[in-house]
Every structure is written in C-alpha cells, then in structure tokens.
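One structure is given below, encoded as structure tokens.
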Amino acid sequence: MLNIEKVRGGYGAINILWDVSLQIQPGTVTAIVGPNGAGKTTLLKTIAGLLPLTQGQISYRNVDIGGLSPWHTNRSGLALIPEGRMIFRDMTVDDNLIMGAFQKASRPHVKSRLQEIYAMFPRLAERQAQLAGVLSGGEAQMLAVGRCLMSDPSMILIDEPSLGLAPVVVNELFACFARLRESGKTILLVEQNTQLSIALADRVCLMRSGKIMFTKMADEIDMEELHRAYFGH
Ligand code: ATP
C-alpha cells in the first residue's frame, strides 16, 4: 500500500534520512520507535510532503507521491496528525474539525463526519462551540485526531500522540487507534512509548541515526534486544 524505497531527506543541506525503505500493508499498524533525533518525525513529514524528498521513491496505492505537496498527499488518502497537535487555538472546536475537510471531495460529507467524530469523542461534542485554546492536552489530541478523520483518510500518520498526556488519556487514545484499525484504516505511528506501540502494532521498526535498524512483527519483539538496539549497544 505505502511503499518507501531508499528515501533520503532532511532540512536544506542537512540530510537526516539515510536510504529508508519500508513497506506497509493495508489495514495494519506499523510503529516506528527510536531515540530522540532518530529521524522519525522527519520521515513522517517527508511522506506527508511537508519536507522535500531529496532521493528515493514513495508510492501509495501504486501512485508515485514522492515530493508531492501535503495537499496532494492528503488527496491521495494520507493524513498526518502532527507532533504537538497543531490545532487552531483561536478557532472553535467545530471550526477546527471543519478545517480538516478542506478537500473538495470532503465538503459534501462535513455534517455526517462531524456527527461521527462527536460520537467517537463525546467530550469534544460538549465543547463544540468553545475555542480550541481552552481544551486540555487530551482533548486537544482528540481534536487533532478528529480533524484528520474529516478527510476520511485511508492511511493515518500519527506523530507522538502520547506526549505530555496522563496515562488514562493515553489509554483512551490508543483504544481509539485500535478502533480505527478495526474500521480498516492503515496506521503509521511514531511513539516514544515502546510498550504502548508494541501492544497496538502489527509490525515495529526501530529507527536510529536516520536509518531503519530492523523491522519485526510486534509479537516477535524481545524487549531486551529492542532496548539494546535503541541505545546502540
Ligand atoms: P524526537 O522524538 O526528538 O522528535 P525524531 O526521531 O522524531 O525525534 P526528528 O525530529 O525527525 O527526530 O529529528 C531528526 C534530526 O533532525 C535531529 O537531529 C534534529 O535536530 C534535526 N532537525 C529537526 N528539525 C530540524 C530543522 N527544522 N532544521 C534542522 N534540523 C532539524
């Protein structure tokens, strides 16, 4: 479904990703774990078109999407939930969600999708007319998830969703990701919390220094080996 071949990319003259290759099957969850600065966010942004692809290929459902703009990758069915949520604090919860339906194809479905998202996150429904800036961290993350779902993506790229959230909220969020997978969405998740990632994922990739060190089925992961690889021992 998503096919990444020998991708290089980074920030201007600074290359961060070194020949990253990864194949992701439809309806699966792939988790990328790895230490700070490994290049996980850089990889998600490069796939989504927020950073330029300097070398290699990225295709989605057999269509070349390498180097396309975020608008075009979204139109192909990909949506990113960025690190730090990036919600519009001065806009209402409702308007934040509507912003997610910016593609022409989404517009006829705005009403029904809003209803679906409010059913999924009743706490957001209670706050639809409030400014997003007053939401708690957990509610803001739910809003970021909801906004991404407004375009009904077939694949969701999720960057560090648990950052700064209380464990009970994190569990709720991961239960929501599990339901999204059950509904047929494909998920590529970047998450520092390896235990949570492994519990949700079908496959786990360890990334370090801009490279994928290994990819394993989640149930084949040996935590000790993972931790050694994580720290490069
Ligand atoms: P973290 O969990 O800390 O976000 P990560 O694995 O997601 O880690 P990236 O955010 O992709 O790592 O960062 C990879 C490297 O790119 C780091 O060395 C970082 O300093 C560098 N980097 C990130 N953003 C920029 C930028 N805007 N300009 C230059 N270098 C950057």
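FYI, nothing fancy with the structure tokens labels: chains A, B, ... in order, residues from 1 per chain, ligands from 1 as they appear.
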query = Which neighbours of Ser136 (chain A) fall inside 12 Å, counting only C-alpha atoms, when residues of the same chain fewer than 4 positions from it are skipped, and could you give them as a list in words?
reply =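 Skipping anything fewer than 4 positions along the chain leaves Arg85, Ile87, Arg89, Arg123, Leu124, Arg127, Leu131, Ala132, Ala140, Gln141, Met142, Leu143, Gly164, Leu165, Ala166 and Val169 of chain A.
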message = Taking only C-alpha atoms and all ligand atoms and a cut-off of 7 Å, can you tell me which residues surround ligand 1, written as an NGL selection string?
response = :A and (10-11 or 14 or 16 or 34-43 or 192)
Keeping only N, CA, C and O atoms, write the selected residues as a short mmCIF file (atom, residue, chain, number, x, y, z; two decimals), in the first residue's frame.
```cif
data_model
loop_
_atom_site.label_atom_id
_atom_site.label_comp_id
_atom_site.auth_asym_id
_atom_site.auth_seq_id
_atom_site.Cartn_x
_atom_site.Cartn_y
_atom_site.Cartn_z
N GLY A 10 15.68 15.69 4.52
CA GLY A 10 16.08 16.40 5.73
C GLY A 10 15.74 17.86 5.62
O GLY A 10 14.69 18.22 5.07
N TYR A 11 16.62 18.68 6.12
CA TYR A 11 16.34 20.12 6.22
C TYR A 11 17.41 20.87 5.43
O TYR A 11 18.54 20.99 5.90
N ILE A 14 21.09 19.78 5.29
CA ILE A 14 21.30 18.75 6.33
C ILE A 14 20.48 17.52 6.01
O ILE A 14 19.24 17.55 6.06
N ILE A 16 18.98 13.94 6.87
CA ILE A 16 18.65 13.22 8.12
C ILE A 16 18.33 11.76 7.82
O ILE A 16 18.77 10.86 8.52
N GLY A 34 12.26 4.65 18.48
CA GLY A 34 13.68 5.01 18.38
C GLY A 34 13.96 6.23 19.22
O GLY A 34 13.02 6.95 19.60
N PRO A 35 15.24 6.46 19.52
CA PRO A 35 15.59 7.57 20.41
C PRO A 35 15.30 8.95 19.81
O PRO A 35 15.04 9.07 18.61
N ASN A 36 15.35 9.95 20.65
CA ASN A 36 15.20 11.33 20.18
C ASN A 36 16.19 11.62 19.07
O ASN A 36 17.35 11.21 19.15
N GLY A 37 15.72 12.31 18.07
CA GLY A 37 16.62 12.72 16.99
C GLY A 37 16.90 11.63 15.97
O GLY A 37 17.74 11.80 15.08
N ALA A 38 16.20 10.49 16.07
CA ALA A 38 16.44 9.37 15.14
C ALA A 38 15.97 9.69 13.73
O ALA A 38 16.42 9.07 12.76
N GLY A 39 15.04 10.64 13.60
CA GLY A 39 14.53 10.99 12.28
C GLY A 39 13.10 10.53 12.05
O GLY A 39 12.60 10.56 10.92
N LYS A 40 12.42 10.14 13.11
CA LYS A 40 11.06 9.59 12.98
C LYS A 40 10.08 10.66 12.45
O LYS A 40 9.33 10.42 11.52
N THR A 41 10.12 11.84 13.08
CA THR A 41 9.25 12.93 12.64
C THR A 41 9.62 13.35 11.22
O THR A 41 8.74 13.62 10.38
N THR A 42 10.90 13.40 10.95
CA THR A 42 11.38 13.79 9.61
C THR A 42 10.81 12.82 8.57
O THR A 42 10.37 13.25 7.49
N LEU A 43 10.77 11.54 8.89
CA LEU A 43 10.24 10.55 7.94
C LEU A 43 8.74 10.79 7.70
O LEU A 43 8.30 10.84 6.55
N GLN A 192 7.20 7.31 21.33
CA GLN A 192 8.34 7.06 22.23
C GLN A 192 8.05 5.90 23.18
O GLN A 192 8.96 5.21 23.60
#
```
inquiry  = Rounded to one decimal, what separation in Å do you get between CA of Gly66 (chain A) and CA of Gln23 (chain A)?
reply    = 14.3 Å
request  = Excluding Met217 (chain A) and residues on its chain fewer than 6 positions from it, collect all residues at most 10 Å away from it, counting only C-alpha atoms, and give them as number ranges by chain.
outcome  = A: 30, 198, 201-205
key: Residues of chain A in strand (DSSP E), written as a PyMOL selection string   = chain A and resi 2-11+14-24+29-33+53-60+63-64+78-81+155-159+186-190+203-208+211-217
request  = Apply DSSP to the backbone of this structure and, from chain A, keep only the residues in helix (DSSP H, G or I); write these as a ChimeraX atom specification.
outcome  = /A:40-48,70-75,93-99,104-120,122-126,132-134,137-149,167-182,194-200,218-220,223-231
request  = Record the distance separating CA of Val110 (chain A) and CA of Met150 (chain A), expressed in Å with one decimal.
outcome  = 7.2 Å
